[in-house]
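K.L.:
Pasting upload.cif here (mmCIF, C-alpha atoms):
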```
data_input
loop_
_atom_site.group_PDB
_atom_site.id
_atom_site.type_symbol
_atom_site.label_atom_id
_atom_site.label_comp_id
_atom_site.auth_asym_id
_atom_site.auth_seq_id
_atom_site.Cartn_x
_atom_site.Cartn_y
_atom_site.Cartn_z
ATOM 1 C CA MET A 14 36.705 140.768 46.730
ATOM 2 C CA GLY A 15 35.617 137.601 44.978
ATOM 3 C CA LYS A 16 32.764 135.458 46.208
ATOM 4 C CA GLY A 17 34.124 132.014 45.308
ATOM 5 C CA ARG A 18 35.832 131.265 48.599
ATOM 6 C CA VAL A 19 32.749 132.308 50.579
ATOM 7 C CA GLU A 20 30.608 129.939 48.541
ATOM 8 C CA ALA A 21 33.063 127.041 48.813
ATOM 9 C CA PHE A 22 33.590 127.508 52.550
ATOM 10 C CA SER A 23 29.840 127.793 53.187
ATOM 11 C CA ASP A 24 29.146 124.665 51.142
ATOM 12 C CA GLY A 25 31.727 122.765 53.188
ATOM 13 C CA VAL A 26 30.384 123.942 56.533
ATOM 14 C CA MET A 27 26.813 123.067 55.607
ATOM 15 C CA ALA A 28 27.921 119.616 54.447
ATOM 16 C CA ILE A 29 29.657 119.082 57.787
ATOM 17 C CA ILE A 30 26.524 120.216 59.650
ATOM 18 C CA ILE A 31 24.467 117.590 57.833
ATOM 19 C CA THR A 32 27.130 114.964 58.513
ATOM 20 C CA ILE A 33 27.159 115.765 62.231
ATOM 21 C CA MET A 34 23.364 115.526 62.361
ATOM 22 C CA VAL A 35 23.265 112.098 60.732
ATOM 23 C CA LEU A 36 25.845 110.813 63.206
ATOM 24 C CA GLU A 37 23.258 111.388 65.950
ATOM 25 C CA LEU A 38 21.036 108.709 64.405
ATOM 26 C CA HIS A 39 21.679 105.390 66.108
ATOM 27 C CA ALA A 40 20.350 102.075 64.908
ATOM 28 C CA PRO A 41 18.646 99.957 67.567
ATOM 29 C CA HIS A 42 20.294 96.682 68.592
ATOM 30 C CA GLU A 43 17.110 94.726 67.973
ATOM 31 C CA THR A 44 15.939 93.774 64.501
ATOM 32 C CA THR A 45 12.210 94.415 64.889
ATOM 33 C CA LEU A 46 10.262 97.348 63.507
ATOM 34 C CA ALA A 47 9.046 98.018 67.038
ATOM 35 C CA ALA A 48 12.647 98.729 68.024
ATOM 36 C CA LEU A 49 12.587 101.737 65.690
ATOM 37 C CA LEU A 50 9.698 103.448 67.500
ATOM 38 C CA PRO A 51 11.798 104.946 70.322
ATOM 39 C CA GLU A 52 14.101 106.417 67.642
ATOM 40 C CA LEU A 53 11.234 108.070 65.766
ATOM 41 C CA PRO A 54 11.512 111.497 67.507
ATOM 42 C CA VAL A 55 15.251 111.578 66.782
ATOM 43 C CA PHE A 56 14.672 110.625 63.155
ATOM 44 C CA LEU A 57 11.857 113.137 62.611
ATOM 45 C CA SER A 58 13.959 115.882 64.234
ATOM 46 C CA TYR A 59 16.777 114.981 61.862
ATOM 47 C CA VAL A 60 14.475 115.091 58.821
ATOM 48 C CA LEU A 61 13.135 118.537 59.749
ATOM 49 C CA SER A 62 16.623 119.882 60.414
ATOM 50 C CA PHE A 63 18.005 118.357 57.224
ATOM 51 C CA ILE A 64 15.261 120.151 55.298
ATOM 52 C CA PHE A 65 16.125 123.449 57.001
ATOM 53 C CA VAL A 66 19.847 123.135 56.265
ATOM 54 C CA ALA A 67 19.042 122.154 52.674
ATOM 55 C CA ILE A 68 16.787 125.204 52.324
ATOM 56 C CA TYR A 69 19.535 127.479 53.638
ATOM 57 C CA TRP A 70 22.093 125.887 51.324
ATOM 58 C CA ASN A 71 19.779 126.234 48.331
ATOM 59 C CA ASN A 72 18.850 129.851 49.044
ATOM 60 C CA HIS A 73 22.455 130.722 49.942
ATOM 61 C CA HIS A 74 23.501 129.344 46.558
ATOM 62 C CA HIS A 75 20.861 131.439 44.775
ATOM 63 C CA LEU A 76 21.780 134.497 46.809
ATOM 64 C CA PHE A 77 25.469 134.303 45.942
ATOM 65 C CA HIS A 78 24.707 133.500 42.336
ATOM 66 C CA ALA A 79 23.072 136.927 42.106
ATOM 67 C CA VAL A 80 26.025 138.922 43.458
ATOM 68 C CA LYS A 81 29.297 139.873 41.822
ATOM 69 C CA SER A 82 31.518 140.330 44.877
ATOM 70 C CA VAL A 83 31.561 140.490 48.678
ATOM 71 C CA SER A 84 32.820 142.875 51.344
ATOM 72 C CA GLY A 85 34.388 142.302 54.734
ATOM 73 C CA ALA A 86 31.022 142.924 56.397
ATOM 74 C CA VAL A 87 29.436 140.280 54.137
ATOM 75 C CA LEU A 88 32.134 137.805 55.177
ATOM 76 C CA TRP A 89 31.312 138.366 58.856
ATOM 77 C CA ALA A 90 27.565 138.162 58.228
ATOM 78 C CA ASN A 91 28.092 134.884 56.380
ATOM 79 C CA LEU A 92 30.115 133.545 59.310
ATOM 80 C CA PHE A 93 27.302 134.566 61.662
ATOM 81 C CA LEU A 94 24.864 132.575 59.511
ATOM 82 C CA LEU A 95 27.205 129.571 59.544
ATOM 83 C CA PHE A 96 27.522 129.869 63.334
ATOM 84 C CA ALA A 97 23.733 129.837 63.747
ATOM 85 C CA LEU A 98 23.440 126.883 61.375
ATOM 86 C CA SER A 99 26.219 125.039 63.204
ATOM 87 C CA LEU A 100 24.036 124.980 66.329
ATOM 88 C CA ILE A 101 21.337 123.001 64.509
ATOM 89 C CA PRO A 102 22.924 119.579 65.194
ATOM 90 C CA PHE A 103 22.947 120.312 68.941
ATOM 91 C CA VAL A 104 19.368 121.560 69.210
ATOM 92 C CA THR A 105 18.181 118.802 66.864
ATOM 93 C CA ALA A 106 19.785 116.082 68.967
ATOM 94 C CA TRP A 107 18.519 117.587 72.226
ATOM 95 C CA MET A 108 14.993 117.907 70.873
ATOM 96 C CA GLY A 109 14.915 114.379 69.431
ATOM 97 C CA GLN A 110 16.583 112.628 72.345
ATOM 98 C CA ASN A 111 14.168 114.248 74.778
ATOM 99 C CA HIS A 112 11.137 113.145 72.780
ATOM 100 C CA LEU A 113 10.115 116.650 71.754
ATOM 101 C CA ASP A 114 9.883 118.090 75.271
ATOM 102 C CA ALA A 115 8.922 121.784 75.606
ATOM 103 C CA ILE A 116 12.281 123.370 76.492
ATOM 104 C CA PRO A 117 14.301 121.615 73.741
ATOM 105 C CA VAL A 118 11.560 122.384 71.185
ATOM 106 C CA ALA A 119 11.562 126.050 72.225
ATOM 107 C CA LEU A 120 15.367 126.218 72.019
ATOM 108 C CA TYR A 121 15.183 124.609 68.578
ATOM 109 C CA GLY A 122 12.871 127.451 67.543
ATOM 110 C CA ALA A 123 15.228 130.005 69.059
ATOM 111 C CA ASP A 124 18.045 128.667 66.895
ATOM 112 C CA LEU A 125 15.769 128.779 63.846
ATOM 113 C CA ILE A 126 15.085 132.452 64.606
ATOM 114 C CA LEU A 127 18.823 133.030 65.008
ATOM 115 C CA CYS A 128 19.410 131.447 61.579
ATOM 116 C CA ALA A 129 16.665 133.582 60.020
ATOM 117 C CA VAL A 130 18.031 136.780 61.557
ATOM 118 C CA ALA A 131 21.552 135.911 60.410
ATOM 119 C CA TYR A 132 20.311 135.213 56.876
ATOM 120 C CA THR A 133 18.395 138.510 56.866
ATOM 121 C CA ILE A 134 21.508 140.399 57.962
ATOM 122 C CA LEU A 135 23.512 138.680 55.209
ATOM 123 C CA VAL A 136 20.918 139.626 52.596
ATOM 124 C CA ARG A 137 20.786 143.255 53.798
ATOM 125 C CA LEU A 138 24.581 143.597 53.705
ATOM 126 C CA LEU A 139 24.740 142.039 50.238
ATOM 127 C CA LEU A 140 22.046 144.458 49.083
ATOM 128 C CA ARG A 141 24.013 147.392 50.473
ATOM 129 C CA HIS A 142 27.230 146.084 48.876
ATOM 130 C CA GLU A 143 25.667 145.420 45.466
ATOM 131 C CA GLY A 144 23.588 148.597 45.357
ATOM 132 C CA PRO A 145 19.935 149.483 44.835
ATOM 133 C CA ASN A 146 19.990 148.795 41.090
ATOM 134 C CA SER A 147 21.629 145.394 41.347
ATOM 135 C CA THR A 148 20.146 142.111 40.178
ATOM 136 C CA LEU A 149 19.887 141.057 43.812
ATOM 137 C CA ALA A 150 17.964 144.194 44.798
ATOM 138 C CA ARG A 151 15.491 143.665 41.971
ATOM 139 C CA ALA A 152 15.072 140.005 42.964
ATOM 140 C CA ILE A 153 14.715 140.339 46.747
ATOM 141 C CA GLY A 154 11.985 142.933 46.921
ATOM 142 C CA SER A 155 10.178 143.301 50.245
ATOM 143 C CA ASP A 156 11.179 139.939 51.815
ATOM 144 C CA THR A 157 7.665 139.107 52.974
ATOM 145 C CA LYS A 158 8.590 135.429 53.378
ATOM 146 C CA GLY A 159 11.391 136.396 55.761
ATOM 147 C CA MET A 160 9.080 138.415 57.997
ATOM 148 C CA ILE A 161 6.420 135.684 58.000
ATOM 149 C CA SER A 162 9.116 133.149 58.919
ATOM 150 C CA LEU A 163 10.243 135.146 61.947
ATOM 151 C CA ALA A 164 6.638 135.443 63.150
ATOM 152 C CA LEU A 165 5.997 131.711 62.717
ATOM 153 C CA TYR A 166 9.193 130.840 64.600
ATOM 154 C CA ALA A 167 8.157 133.133 67.468
ATOM 155 C CA LEU A 168 4.697 131.544 67.544
ATOM 156 C CA GLY A 169 6.356 128.119 67.563
ATOM 157 C CA ILE A 170 8.523 129.004 70.541
ATOM 158 C CA ALA A 171 5.497 130.233 72.494
ATOM 159 C CA ALA A 172 3.455 127.188 71.457
ATOM 160 C CA ALA A 173 6.211 124.816 72.625
ATOM 161 C CA PHE A 174 5.195 125.480 76.227
ATOM 162 C CA PHE A 175 1.571 124.530 75.558
ATOM 163 C CA ASP A 176 1.594 122.024 72.690
ATOM 164 C CA VAL A 177 4.874 120.874 71.132
ATOM 165 C CA ARG A 178 3.023 119.449 68.129
ATOM 166 C CA LEU A 179 1.725 122.928 67.337
ATOM 167 C CA ALA A 180 5.228 124.344 67.724
ATOM 168 C CA ILE A 181 6.626 121.777 65.284
ATOM 169 C CA LEU A 182 3.764 122.611 62.914
ATOM 170 C CA PHE A 183 4.746 126.303 62.995
ATOM 171 C CA TYR A 184 8.393 125.396 62.304
ATOM 172 C CA ALA A 185 7.472 122.985 59.529
ATOM 173 C CA SER A 186 5.230 125.604 57.910
ATOM 174 C CA VAL A 187 8.288 127.827 57.501
ATOM 175 C CA ALA A 188 10.057 124.959 55.754
ATOM 176 C CA VAL A 189 7.089 124.617 53.399
ATOM 177 C CA ILE A 190 7.194 128.353 52.619
ATOM 178 C CA TRP A 191 10.908 128.213 51.751
ATOM 179 C CA PHE A 192 11.076 124.735 50.213
ATOM 180 C CA VAL A 193 11.076 126.131 46.680
ATOM 181 C CA PRO A 194 14.093 128.428 46.221
ATOM 182 C CA ASP A 195 13.447 132.062 45.485
ATOM 183 C CA ARG A 196 12.339 132.025 41.854
ATOM 184 C CA ARG A 197 12.804 135.783 41.529
ATOM 185 C CA ILE A 198 16.574 135.297 41.445
ATOM 186 C CA GLU A 199 16.307 132.439 38.929
ATOM 187 C CA LYS A 200 14.122 134.553 36.626
ATOM 188 C CA LEU A 201 16.466 137.540 36.666
ATOM 189 C CA ILE A 202 19.651 135.546 36.178
ATOM 190 C CA GLY A 203 18.434 132.508 34.220
#
```
Turn this file's structure into structure tokens for me.
P.N.:
Amino acid sequence: MGKGRVEAFSDGVMAIIITIMVLELHAPHETTLAALLPELPVFLSYVLSFIFVAIYWNNHHHLFHAVKSVSGAVLWANLFLLFALSLIPFVTAWMGQNHLDAIPVALYGADLILCAVAYTILVRLLLRHEGPNSTLARAIGSDTKGMISLALYALGIAAAFFDVRLAILFYASVAVIWFVPDRRIEKLIG
């Protein structure tokens, strides 16, 4: 079946996720810069989560640009990814509103792992659907970045119970790794 509806639906859901996250940002009633300080954890949580959703949107776009069609299993895997992503506004708000406390930071990491696993499942099902000689198969390769990401998320979750700053650093390092979309797909298709 065609891939257009999957792409359009996914774009819409990710746009809604970003909209929900920004609604959690509340302006202080005072007009001083000092009044912004208590909102800083919420804002920084939002920025990190916005970057993650943007990375997923960007890589999702590249991924679907490389495939010709989808299967029923791909549809379900895509919905699983959207489900995991849809939890980001909740864990982001909880983490920010609780000033980066250990449990919310660890749960944030758990959702990031869930997103990564869901994306990996989607990629694997698309690879199976498209075949071993497909453009996507040639572009994806060994998925080293995906495996490194899972390890960094796990380290971040463990670190959250000892030093939340280190946990956030692990999470942010994954964002740095994925910030530039997968150029292998661009080279093969472009």
K.L.:
Find the residue from A:Ala47, A:Leu98, A:Leu76, A:Ala131 that sits nearest to A:Ala28; use all atoms listed in the file when measuring.
P.N.:
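Between A:Ala47, A:Leu98, A:Leu76, A:Ala131, the residue approaching A:Ala28 most closely is A:Leu98.
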K.L.:
Looking at all atoms listed in the file, which of A:Ile170, A:Val87, A:Val189, A:Ala180 is the one that sits closest to A:Lys158?
P.N.:
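For A:Lys158, the nearest of the candidates is A:Val189.
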K.L.:
When you look at A:Phe192 with a cut-off of 12 Å (counting all atoms listed in the file), what residues show up, excluding the ones that are within fewer than 6 positions of it in the same chain? I need them as a list of chain:residue names.
P.N.:
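Residues near the query, excluding close chain neighbours: A:Leu61, A:Phe63, A:Ile64, A:Phe65, A:Val66, A:Ala67, A:Ile68, A:Tyr69, A:Trp70, A:Asn71, A:Asn72, A:Lys158, A:Ala185, A:Ser186.
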K.L.:
Take the residues just selected and output them with C-alpha atoms as a CSV table (one decimal), in the frame of the given file.
P.N.:
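New file out_22.csv:
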```
chain,number,residue,atom,x,y,z
A,61,LEU,CA,13.1,118.5,59.7
A,63,PHE,CA,18.0,118.4,57.2
A,64,ILE,CA,15.3,120.2,55.3
A,65,PHE,CA,16.1,123.4,57.0
A,66,VAL,CA,19.8,123.1,56.3
A,67,ALA,CA,19.0,122.2,52.7
A,68,ILE,CA,16.8,125.2,52.3
A,69,TYR,CA,19.5,127.5,53.6
A,70,TRP,CA,22.1,125.9,51.3
A,71,ASN,CA,19.8,126.2,48.3
A,72,ASN,CA,18.8,129.9,49.0
A,158,LYS,CA,8.6,135.4,53.4
A,185,ALA,CA,7.5,123.0,59.5
A,186,SER,CA,5.2,125.6,57.9
```
K.L.:
Within 12 Å of A:Asp156, counting all atoms listed in the file, which residues qualify if same-chain residues fewer than 2 places away don't, as an MDAnalysis selection string?
P.N.:
chainID A and resid 129 132:133 136:137 149:154 158:163 191 195 197
K.L.:
How far is it from atom CA of A:Tyr59 to atom CA of A:Asn91, in Å with one decimal?
P.N.:
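For atom CA of A:Tyr59 relative to atom CA of A:Asn91, the distance reads 23.5 Å.
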K.L.:
Mind giving me the straight-line distance from atom CA of A:Phe183 to atom CA of A:Asp124 in Å, one decimal?
P.N.:
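Atom CA of A:Asp124 lies at a distance of 14.1 Å from atom CA of A:Phe183.
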K.L.:
Using only C-alpha atoms for the distances, tell me which of A:Val193, A:Ala173, A:Val130, A:Val83 is nearest to A:Pro117.
P.N.:
A:Ala173
K.L.:
I'd like the contact shell of A:Ser58 - 12 Å cut-off, only C-alpha atoms, skipping same-chain residues fewer than 2 positions apart - returned as a PDB file with C-alpha atoms, in the coordinates of the input.
P.N.:
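Here's the written file out02.pdb:
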```pdb
ATOM      1  CA  MET A  34      23.364 115.526  62.361  1.00  0.00           C
ATOM      2  CA  VAL A  35      23.265 112.098  60.732  1.00  0.00           C
ATOM      3  CA  GLU A  37      23.258 111.388  65.950  1.00  0.00           C
ATOM      4  CA  LEU A  38      21.036 108.709  64.405  1.00  0.00           C
ATOM      5  CA  GLU A  52      14.101 106.417  67.642  1.00  0.00           C
ATOM      6  CA  LEU A  53      11.234 108.070  65.766  1.00  0.00           C
ATOM      7  CA  PRO A  54      11.512 111.497  67.507  1.00  0.00           C
ATOM      8  CA  VAL A  55      15.251 111.578  66.782  1.00  0.00           C
ATOM      9  CA  PHE A  56      14.672 110.625  63.155  1.00  0.00           C
ATOM     10  CA  VAL A  60      14.475 115.091  58.821  1.00  0.00           C
ATOM     11  CA  LEU A  61      13.135 118.537  59.749  1.00  0.00           C
ATOM     12  CA  SER A  62      16.623 119.882  60.414  1.00  0.00           C
ATOM     13  CA  PHE A  63      18.005 118.357  57.224  1.00  0.00           C
ATOM     14  CA  ILE A  64      15.261 120.151  55.298  1.00  0.00           C
ATOM     15  CA  PHE A  65      16.125 123.449  57.001  1.00  0.00           C
ATOM     16  CA  ILE A 101      21.337 123.001  64.509  1.00  0.00           C
ATOM     17  CA  PRO A 102      22.924 119.579  65.194  1.00  0.00           C
ATOM     18  CA  PHE A 103      22.947 120.312  68.941  1.00  0.00           C
ATOM     19  CA  VAL A 104      19.368 121.560  69.210  1.00  0.00           C
ATOM     20  CA  THR A 105      18.181 118.802  66.864  1.00  0.00           C
ATOM     21  CA  ALA A 106      19.785 116.082  68.967  1.00  0.00           C
ATOM     22  CA  TRP A 107      18.519 117.587  72.226  1.00  0.00           C
ATOM     23  CA  MET A 108      14.993 117.907  70.873  1.00  0.00           C
ATOM     24  CA  GLY A 109      14.915 114.379  69.431  1.00  0.00           C
ATOM     25  CA  GLN A 110      16.583 112.628  72.345  1.00  0.00           C
ATOM     26  CA  ASN A 111      14.168 114.248  74.778  1.00  0.00           C
ATOM     27  CA  HIS A 112      11.137 113.145  72.780  1.00  0.00           C
ATOM     28  CA  LEU A 113      10.115 116.650  71.754  1.00  0.00           C
ATOM     29  CA  ASP A 114       9.883 118.090  75.271  1.00  0.00           C
ATOM     30  CA  PRO A 117      14.301 121.615  73.741  1.00  0.00           C
ATOM     31  CA  VAL A 118      11.560 122.384  71.185  1.00  0.00           C
ATOM     32  CA  TYR A 121      15.183 124.609  68.578  1.00  0.00           C
ATOM     33  CA  ILE A 181       6.626 121.777  65.284  1.00  0.00           C
ATOM     34  CA  TYR A 184       8.393 125.396  62.304  1.00  0.00           C
ATOM     35  CA  ALA A 185       7.472 122.985  59.529  1.00  0.00           C
TER      36      ALA A 185
END
```
K.L.:
Expressed in Å to a single decimal, how great is the separation between atom CA of A:Leu120 and atom CA of A:Ala167?
P.N.:
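We find that atom CA of A:Leu120 and atom CA of A:Ala167 lie 11.0 Å from each other.
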K.L.:
Do a neighbour search on A:Ala97 at 7 Å with only C-alpha atoms, toss out local chain neighbours closer than 4 positions, and write the hits as a PyMOL selection string.
P.N.:
chain A and resi 93+124+127-128
K.L.:
Pick from A:Leu168, A:Pro41, A:Asn146, A:Val19: nearest to A:Ala90, with only C-alpha atoms counted?
P.N.:
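Smallest distance to A:Ala90 is found for A:Val19.
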